[in-house]
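File shown here: protein-v3.txt, holding compact mmCIF, C-alpha atoms.
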# COMPACT_ATOMS: atom_id res chain seq x y z
CA MET R 1 -9.22 -19.56 6.20
CA LEU R 2 -8.68 -17.48 3.10
CA ALA R 3 -7.88 -19.30 -0.12
CA VAL R 4 -4.27 -18.93 -1.14
CA THR R 5 -3.68 -18.08 -4.78
CA ALA R 6 -0.91 -20.11 -6.38
CA ALA R 7 0.35 -16.98 -8.06
CA ALA R 8 3.78 -16.39 -6.66
CA VAL R 9 5.40 -19.50 -5.26
CA LEU R 10 9.13 -19.16 -5.75
CA PRO R 11 11.50 -22.11 -5.88
CA LEU R 12 13.91 -22.94 -3.12
CA ALA R 13 16.69 -22.77 -5.68
CA LEU R 14 16.76 -19.06 -4.97
CA ALA R 15 18.38 -19.88 -1.64
CA ALA R 16 21.76 -19.19 -3.20
CA CYS R 17 20.81 -15.52 -3.03
CA SER R 18 19.83 -15.74 0.64
CA SER R 19 21.12 -13.18 3.09
CA GLY R 20 21.95 -16.00 5.51
CA PRO R 21 21.23 -19.68 6.19
CA GLU R 22 19.03 -19.07 9.23
CA ARG R 23 15.71 -17.27 8.93
CA PRO R 24 13.08 -16.89 11.65
CA ALA R 25 9.61 -18.37 11.27
CA PRO R 26 7.62 -17.91 9.10
CA PHE R 27 10.43 -17.10 6.64
CA ASP R 28 11.88 -20.60 7.05
CA ARG R 29 9.02 -22.02 4.94
CA THR R 30 6.55 -20.92 2.26
CA VAL R 31 5.19 -17.58 3.41
CA ARG R 32 1.62 -16.49 2.77
CA VAL R 33 1.77 -12.83 1.69
CA GLY R 34 -1.41 -10.76 1.54
CA PHE R 35 -1.92 -8.23 -1.27
CA LYS R 36 -4.83 -6.05 -2.29
CA THR R 37 -6.40 -7.08 -5.57
CA ALA R 38 -7.57 -3.79 -7.11
CA ALA R 39 -5.05 -0.99 -6.54
CA PRO R 40 -3.45 -0.38 -9.95
CA GLY R 41 0.18 0.62 -9.62
CA MET R 42 0.31 -0.56 -6.04
CA SER R 43 -1.12 -4.09 -6.41
CA VAL R 44 -3.62 -5.76 -8.73
CA GLN R 45 -4.53 -9.38 -9.43
CA ASP R 46 -4.70 -10.10 -13.14
CA PRO R 47 -7.15 -12.57 -14.77
CA ASN R 48 -4.56 -15.34 -14.40
CA GLY R 49 -4.38 -14.80 -10.64
CA ILE R 50 -0.95 -13.17 -10.79
CA PHE R 51 -0.34 -10.10 -8.65
CA GLN R 52 1.30 -7.13 -10.38
CA GLY R 53 2.46 -3.74 -9.11
CA PHE R 54 4.92 -2.02 -6.81
CA GLU R 55 4.13 -4.13 -3.74
CA PRO R 56 4.29 -7.56 -5.43
CA ARG R 57 7.60 -6.52 -7.03
CA LEU R 58 8.86 -5.41 -3.61
CA VAL R 59 8.03 -8.82 -2.15
CA ALA R 60 9.72 -10.57 -5.09
CA LYS R 61 12.94 -8.68 -4.29
CA VAL R 62 12.74 -8.75 -0.50
CA LEU R 63 11.65 -12.38 -0.10
CA GLY R 64 12.41 -13.95 -3.47
CA ASP R 65 15.98 -12.69 -3.64
CA ALA R 66 16.54 -14.07 -0.13
CA GLY R 67 15.45 -17.53 -1.27
CA VAL R 68 12.13 -17.41 0.58
CA PRO R 69 9.28 -19.18 -1.26
CA TYR R 70 5.91 -17.47 -0.91
CA SER R 71 2.31 -17.65 -2.06
CA SER R 72 -0.06 -14.75 -2.64
CA VAL R 73 -3.29 -14.19 -0.71
CA PRO R 74 -5.98 -11.79 -2.03
CA LEU R 75 -7.08 -9.30 0.63
CA SER R 76 -8.81 -5.94 1.00
CA ALA R 77 -8.85 -3.02 3.44
CA GLN R 78 -11.64 -4.83 5.29
CA THR R 79 -10.05 -8.29 5.52
CA TRP R 80 -6.28 -7.92 5.98
CA ALA R 81 -6.36 -7.47 9.76
CA ASP R 82 -8.52 -10.56 10.31
CA ALA R 83 -6.22 -12.54 8.04
CA LEU R 84 -3.37 -11.85 10.47
CA LEU R 85 -5.25 -12.16 13.76
CA ASP R 86 -7.65 -15.09 13.31
CA GLY R 87 -6.69 -18.65 14.19
CA ASN R 88 -5.29 -20.58 17.12
CA THR R 89 -1.67 -19.71 16.31
CA ASN R 90 -2.35 -15.96 16.21
CA HIS R 91 -2.67 -15.84 12.46
CA ASN R 92 -4.67 -17.67 9.85
CA GLY R 93 -5.09 -16.41 6.29
CA ALA R 94 -1.73 -14.65 5.93
CA ASP R 95 1.70 -14.53 7.57
CA VAL R 96 2.61 -11.06 6.25
CA VAL R 97 0.50 -8.37 4.60
CA VAL R 98 1.97 -5.83 2.16
CA ALA R 99 -1.11 -3.90 1.12
CA ASP R 100 -0.92 -0.11 1.48
CA ILE R 101 -1.06 -0.30 5.29
CA SER R 102 -0.30 2.99 7.03
CA ASP R 103 1.55 3.06 10.31
CA THR R 104 -0.82 4.27 13.04
CA ALA R 105 -0.60 4.26 16.84
CA GLU R 106 -3.45 1.74 17.03
CA ARG R 107 -1.78 -0.63 14.57
CA GLU R 108 1.52 -0.36 16.44
CA GLN R 109 -0.27 -1.79 19.48
CA THR R 110 -1.95 -4.57 17.51
CA PHE R 111 0.64 -5.81 15.00
CA ASP R 112 4.36 -6.11 14.44
CA LEU R 113 5.12 -3.60 11.69
CA ALA R 114 8.18 -3.86 9.45
CA GLY R 115 9.46 -1.01 7.35
CA PRO R 116 8.41 1.54 6.28
CA TYR R 117 8.90 1.06 2.54
CA LEU R 118 7.01 4.11 1.20
CA LYS R 119 5.75 7.44 2.41
CA THR R 120 2.83 9.24 0.79
CA PRO R 121 0.54 12.16 1.56
CA LEU R 122 -3.16 12.02 0.78
CA GLY R 123 -4.53 13.16 -2.55
CA ALA R 124 -7.76 13.51 -4.50
CA LEU R 125 -8.87 11.74 -7.66
CA THR R 126 -11.45 13.29 -9.98
CA LEU R 127 -13.03 12.58 -13.33
CA ALA R 128 -10.70 13.68 -16.11
CA ALA R 129 -13.66 15.15 -17.97
CA HIS R 130 -14.81 17.13 -14.91
CA PRO R 131 -11.70 18.00 -12.88
CA VAL R 132 -12.11 19.52 -9.43
CA ALA R 133 -9.51 21.89 -8.00
CA VAL R 134 -8.12 20.65 -4.68
CA GLN R 135 -4.94 22.34 -3.45
CA ARG R 136 -5.28 21.62 0.27
CA GLN R 137 -7.59 19.67 2.53
CA GLU R 138 -9.76 22.71 3.29
CA ASP R 139 -10.81 22.68 -0.38
CA LEU R 140 -12.63 19.40 0.31
CA THR R 141 -15.16 20.98 2.69
CA PRO R 142 -17.72 22.09 0.06
CA LEU R 143 -17.37 18.85 -1.92
CA ARG R 144 -18.88 15.38 -1.94
CA VAL R 145 -15.96 13.21 -0.85
CA CYS R 146 -15.69 9.43 -1.16
CA THR R 147 -13.36 7.46 1.13
CA ILE R 148 -12.80 3.78 1.97
CA ALA R 149 -13.76 2.39 5.37
CA LYS R 150 -10.97 1.69 7.90
CA THR R 151 -8.46 4.00 6.20
CA THR R 152 -6.57 7.08 7.34
CA ALA R 153 -8.37 9.06 4.64
CA ARG R 154 -11.72 8.18 6.22
CA ALA R 155 -10.44 9.29 9.63
CA LEU R 156 -9.31 12.63 8.16
CA ILE R 157 -12.66 13.23 6.49
CA ASP R 158 -14.68 12.27 9.57
CA ASN R 159 -12.56 14.04 12.17
CA GLU R 160 -11.12 17.10 10.45
CA VAL R 161 -12.54 17.99 7.05
CA LYS R 162 -16.26 17.26 7.53
CA PRO R 163 -17.20 17.79 3.86
CA LYS R 164 -20.56 18.75 2.44
CA VAL R 165 -21.27 15.07 1.77
CA SER R 166 -19.24 12.06 2.93
CA VAL R 167 -19.68 9.08 0.63
CA ASP R 168 -18.66 5.95 2.52
CA ALA R 169 -17.35 3.01 0.52
CA LEU R 170 -15.98 -0.46 1.23
CA PHE R 171 -13.80 -0.86 -1.87
CA PRO R 172 -11.96 1.45 -4.31
CA ASP R 173 -14.32 0.44 -7.12
CA ASP R 174 -17.19 1.85 -5.04
CA CYS R 175 -15.54 5.30 -5.04
CA LEU R 176 -14.78 5.09 -8.75
CA LYS R 177 -18.44 4.24 -9.34
CA ALA R 178 -19.44 7.25 -7.21
CA LEU R 179 -17.26 9.48 -9.41
CA ASN R 180 -18.71 7.95 -12.55
CA ASP R 181 -22.36 8.33 -11.54
CA GLY R 182 -21.89 11.83 -10.12
CA THR R 183 -22.60 11.06 -6.46
CA ALA R 184 -19.05 12.08 -5.49
CA ASP R 185 -16.83 14.91 -6.68
CA VAL R 186 -13.54 13.43 -5.47
CA PHE R 187 -12.08 10.19 -4.17
CA VAL R 188 -9.62 10.80 -1.33
CA SER R 189 -6.97 8.24 -0.46
CA ASP R 190 -3.20 7.86 -0.37
CA TYR R 191 -1.70 9.95 -3.15
CA LEU R 192 0.28 7.08 -4.67
CA VAL R 193 -2.73 4.77 -4.64
CA LEU R 194 -4.79 7.34 -6.53
CA ARG R 195 -1.97 8.16 -8.93
CA GLY R 196 -1.76 4.47 -9.73
CA MET R 197 -5.41 4.53 -10.75
CA ALA R 198 -5.06 7.76 -12.72
CA VAL R 199 -2.16 6.53 -14.85
CA ASN R 200 -3.00 2.82 -15.16
CA VAL R 201 -6.78 2.67 -15.64
CA LYS R 202 -7.82 3.05 -19.27
CA VAL R 203 -11.25 2.96 -20.93
CA ASN R 204 -11.14 2.72 -24.72
CA GLY R 205 -7.52 3.80 -24.56
CA GLN R 206 -8.30 6.91 -22.54
CA ALA R 207 -7.65 7.71 -18.88
CA PRO R 208 -11.04 8.46 -17.26
CA TYR R 209 -9.55 9.74 -13.99
CA ALA R 210 -7.10 12.50 -13.11
CA MET R 211 -5.24 13.63 -10.02
CA ALA R 212 -6.10 16.93 -8.39
CA GLU R 213 -2.95 19.00 -8.03
CA GLY R 214 -2.80 19.22 -4.26
CA ARG R 215 -1.23 16.86 -1.73
CA PHE R 216 -2.46 17.20 1.82
CA GLY R 217 -2.98 15.53 5.17
CA LYS R 218 -0.40 13.90 7.37
CA VAL R 219 2.21 12.01 5.39
CA GLN R 220 1.53 8.29 5.73
CA THR R 221 4.30 5.73 6.04
CA LEU R 222 3.45 2.35 4.57
CA VAL R 223 4.55 -0.78 6.40
CA ALA R 224 4.38 -4.56 6.17
CA ALA R 225 2.20 -6.05 8.92
CA LEU R 226 2.81 -9.30 10.79
CA PRO R 227 0.84 -10.90 13.63
CA PRO R 228 1.90 -9.78 17.12
CA GLY R 229 4.56 -11.86 18.81
CA HIS R 230 6.73 -12.26 15.70
CA THR R 231 9.48 -9.85 16.69
CA SER R 232 12.41 -11.79 15.23
CA ALA R 233 10.60 -12.23 11.91
CA CYS R 234 9.70 -8.54 11.90
CA GLN R 235 13.32 -7.54 12.53
CA TRP R 236 14.52 -9.80 9.72
CA LEU R 237 11.97 -8.34 7.31
CA ARG R 238 12.76 -4.81 8.45
CA GLY R 239 16.40 -5.26 7.52
CA ARG R 240 15.49 -6.61 4.08
CA LEU R 241 13.09 -3.72 3.47
CA ASP R 242 15.69 -1.16 4.54
CA ALA R 243 18.16 -2.51 1.99
CA TYR R 244 15.51 -2.55 -0.76
CA VAL R 245 14.34 1.01 -0.13
CA LYS R 246 17.92 2.22 -0.53
CA SER R 247 18.47 0.27 -3.76
CA GLN R 248 18.02 1.44 -7.34
CA ALA R 249 15.32 -1.19 -7.81
CA TRP R 250 13.04 0.72 -5.40
CA ALA R 251 13.21 3.90 -7.51
CA THR R 252 12.93 1.98 -10.77
CA GLU R 253 9.77 0.15 -9.66
CA LEU R 254 8.24 3.37 -8.30
CA ARG R 255 8.86 5.12 -11.60
CA SER R 256 7.54 2.22 -13.66
CA ASN R 257 4.36 1.45 -11.72
CA PHE R 258 3.29 5.07 -11.20
CA ALA R 259 4.40 6.48 -14.56
CA PHE R 260 6.82 9.13 -13.34
CA GLY R 261 8.50 10.57 -16.42
CA PRO R 262 12.06 11.76 -17.07
CA ASP R 263 11.14 15.21 -15.73
CA VAL R 264 11.02 13.61 -12.24
CA SER R 265 14.50 12.57 -11.14
CA ASP R 266 15.30 9.67 -8.84
CA ASP R 267 16.32 12.28 -6.26
CA ASN R 268 12.85 13.83 -6.56
CA LEU R 269 11.23 10.43 -6.06
CA ARG R 270 13.33 9.73 -2.99
CA GLN R 271 12.63 13.15 -1.52
CA ASP R 272 8.87 12.75 -1.99
CA PHE R 273 8.29 9.06 -1.34
CA GLN R 274 11.28 7.39 0.35
CA PRO R 275 10.86 6.96 4.11
CA LEU R 276 13.81 7.07 6.45
CA ILE R 277 14.33 3.90 8.48
CA SER R 278 16.16 4.62 11.71
CA ALA R 279 16.75 2.62 14.88
CA SER R 280 14.45 4.95 16.82
CA ASP R 281 11.59 4.16 14.41
CA ASN R 282 11.68 0.40 14.93
CA LEU R 283 8.04 -0.70 14.97
CA CYS R 284 8.66 -4.39 15.61
CA ALA R 285 6.85 -5.28 18.86
CA LYS R 286 6.67 -1.60 19.79
Would it be possible to restate this file's structure as structure tokens?
Amino acid sequence: MLAVTAAAVLPLALAACSSGPERPAPFDRTVRVGFKTAAPGMSVQDPNGIFQGFEPRLVAKVLGDAGVPYSSVPLSAQTWADALLDGNTNHNGADVVVADISDTAEREQTFDLAGPYLKTPLGALTLAAHPVAVQRQEDLTPLRVCTIAKTTARALIDNEVKPKVSVDALFPDDCLKALNDGTADVFVSDYLVLRGMAVNVKVNGQAPYAMAEGRFGKVQTLVAALPPGHTSACQWLRGRLDAYVKSQAWATELRSNFAFGPDVSDDNLRQDFQPLISASDNLCAK
């Protein structure tokens, strides 16, 4: 079982803010929430073990404001699915994962998915000192492209783009290293994930990475994942996420964590990154 970081256990005193006295399991106890550890802007674990970023703040509002105590579990793109599926009770290391998980047909068949809480196209990250022009996905073909295993970006590169060189990585730091040592020209991933790196990573006070201008690929919708068979919990979480996405806090946190300036209005942010949650898009036990 994965070690649980005692980074975000909220007191039961918050129950006064609860949306109702009855909550389905596992939200009737301390919930183990999985986050990625190295996605600046989206989610990072600081040296004190505390998770910071858009997704931890989302969980603080969605669970914390409902009086649900939770603990934080460090995960990665390679480990989050096993954290939900291992164990005799259909989950082991985590009860819920909020970690830049895109809704896909395969995941809809494997997990209960609550949300979505963000939408984002794909983008390309380059070295600030050696920017590469990428306006559309076809511009990636002559390039050396780094992607992370088990991601929608990897599927796009393998199945559609077929670049000059495909650099396969397990973790974001591997792609940043490939940019730094010149073995990759661009790092392709979700646009917001890459923007978080571009605006939040600093070396000697300078930003070493920059976003290419283009946004491309199918727009991804990001969801919270639960083990299968947790439909009532998924529906409860879906309702909480819907309310949060429509709140001012959602836009404020997006602006803060991804450094959108005053030239980008809240309406612009909602048009570009707010998903619509409708009854027909219910992914709980789909």
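With all atoms listed in the file as the atoms that count, the residue of R:Asp173, R:Glu55, R:Glu253, R:Asp86 with the shortest distance to Asp100 (chain R) is R:Glu55.
The interatomic distance for the pair CA of Thr37 (chain R) and CA of Val199 (chain R) works out to 17.0 Å.
Proximity ranking of R:Met42, R:Val97, R:Val33, R:Ala128 relative to Asn180 (chain R) places R:Ala128 first, based on all atoms listed in the file.
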Where does region 218-276 of chain R meet region 141-161 of chain R within 12 Å, residue by residue, with the nearest atom pair and distance in Å to one decimal for each, counting all atoms listed in the file, listed by chain and rising number, as a Markdown table?
| residue | atom | partner | partner_atom | distance |
| --- | --- | --- | --- | --- |
| R:Lys218 | CA | R:Leu156 | CA | 9.0 |
| R:Val219 | CA | R:Thr152 | CA | 10.3 |
| R:Gln220 | CA | R:Thr152 | CA | 8.3 |
| R:Thr221 | CA | R:Thr152 | CA | 11.0 |
| R:Leu222 | CA | R:Thr152 | CA | 11.4 |
- Nearby residues (all atoms listed in the file) at most 10 Å from Trp250 (chain R), same-chain spacing under 6 positions excluded, as a list in words: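 Contacts, with the query itself left out: Phe54, Arg57, Leu58, Lys61, Tyr117, Leu118, Leu241, Ala243, Tyr244, Asp266, Leu269, Arg270 and Gln274 of chain R.
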Using the selection just defined, write its residues with C-alpha atoms as a CSV table (one decimal), in the coordinates of the input.
chain,number,residue,atom,x,y,z
R,54,PHE,CA,4.9,-2.0,-6.8
R,57,ARG,CA,7.6,-6.5,-7.0
R,58,LEU,CA,8.9,-5.4,-3.6
R,61,LYS,CA,12.9,-8.7,-4.3
R,117,TYR,CA,8.9,1.1,2.5
R,118,LEU,CA,7.0,4.1,1.2
R,241,LEU,CA,13.1,-3.7,3.5
R,243,ALA,CA,18.2,-2.5,2.0
R,244,TYR,CA,15.5,-2.6,-0.8
R,266,ASP,CA,15.3,9.7,-8.8
R,269,LEU,CA,11.2,10.4,-6.1
R,270,ARG,CA,13.3,9.7,-3.0
R,274,GLN,CA,11.3,7.4,0.4
- Neighbourhood query: residues within 8 Å of (4.9, -0.1, 8.4), file coordinates, counting only C-alpha atoms; return as a VMD selection string. chain R and resid 101 to 103 113 to 117 221 to 225 283
- Note on the structure: From the list R:Gly123, R:Gly214, R:Pro262, R:Pro131, the nearest residue to Val193 (chain R) using all atoms listed in the file is R:Gly123
So that I can see what lies close to Thr79 (chain R), please list as a PDB file with C-alpha atoms, keeping the file's coordinate frame the residues with an atom at most 12 Å from it, counting only C-alpha atoms and leaving out residues fewer than 5 positions away in the same chain.
ATOM      1  CA  MET R   1      -9.220 -19.560   6.200  1.00  0.00           C
ATOM      2  CA  LEU R   2      -8.680 -17.480   3.100  1.00  0.00           C
ATOM      3  CA  GLY R  34      -1.410 -10.760   1.540  1.00  0.00           C
ATOM      4  CA  PHE R  35      -1.920  -8.230  -1.270  1.00  0.00           C
ATOM      5  CA  LYS R  36      -4.830  -6.050  -2.290  1.00  0.00           C
ATOM      6  CA  THR R  37      -6.400  -7.080  -5.570  1.00  0.00           C
ATOM      7  CA  VAL R  73      -3.290 -14.190  -0.710  1.00  0.00           C
ATOM      8  CA  PRO R  74      -5.980 -11.790  -2.030  1.00  0.00           C
ATOM      9  CA  LEU R  84      -3.370 -11.850  10.470  1.00  0.00           C
ATOM     10  CA  LEU R  85      -5.250 -12.160  13.760  1.00  0.00           C
ATOM     11  CA  ASP R  86      -7.650 -15.090  13.310  1.00  0.00           C
ATOM     12  CA  ASN R  92      -4.670 -17.670   9.850  1.00  0.00           C
ATOM     13  CA  GLY R  93      -5.090 -16.410   6.290  1.00  0.00           C
ATOM     14  CA  ALA R  94      -1.730 -14.650   5.930  1.00  0.00           C
ATOM     15  CA  VAL R  97       0.500  -8.370   4.600  1.00  0.00           C
ATOM     16  CA  ALA R  99      -1.110  -3.900   1.120  1.00  0.00           C
ATOM     17  CA  ALA R 149     -13.760   2.390   5.370  1.00  0.00           C
ATOM     18  CA  LYS R 150     -10.970   1.690   7.900  1.00  0.00           C
ATOM     19  CA  LEU R 170     -15.980  -0.460   1.230  1.00  0.00           C
ATOM     20  CA  PHE R 171     -13.800  -0.860  -1.870  1.00  0.00           C
TER      21      PHE R 171
END
Axis-aligned box for region 238-241 of chain R, 4 Å per side, centre and edges in Å as JSON:
{"center_x": 14.6, "center_y": -5.2, "center_z": 6.0, "size_x": 11.6, "size_y": 10.9, "size_z": 13.0}
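Atom pair CA of Arg136 (chain R) / CA of Glu213 (chain R) has a distance of 9.0 Å (rounded to one decimal).
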- Point-to-point distance from CA of Phe258 (chain R) to CA of Asn200 (chain R), Å rounded to tenths: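 That distance, rounded to one decimal, is 7.8 Å.
When all atoms listed in the file are used to compute distances to Arg255 (chain R), the closest of the residues R:Gly196, R:Pro24, R:Gly64, R:Pro47 turns out to be R:Gly196.
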- Between R:Lys177, R:Ala184, R:Leu127, R:Gln52, which is the closest to Pro163 (chain R) once you count only C-alpha atoms?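 Between R:Lys177, R:Ala184, R:Leu127, R:Gln52, the residue approaching Pro163 (chain R) most closely is R:Ala184.
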- Just the residues within 12 Å of Glu22 (chain R), please, counting all atoms listed in the file, with nothing from its chain fewer than 4 positions along; format it as a list in words. Ala15, Ser18, Pro26, Phe27, Asp28, Arg29, Ala66, Gly67, Val68, Ser232, Ala233 and Trp236 of chain R
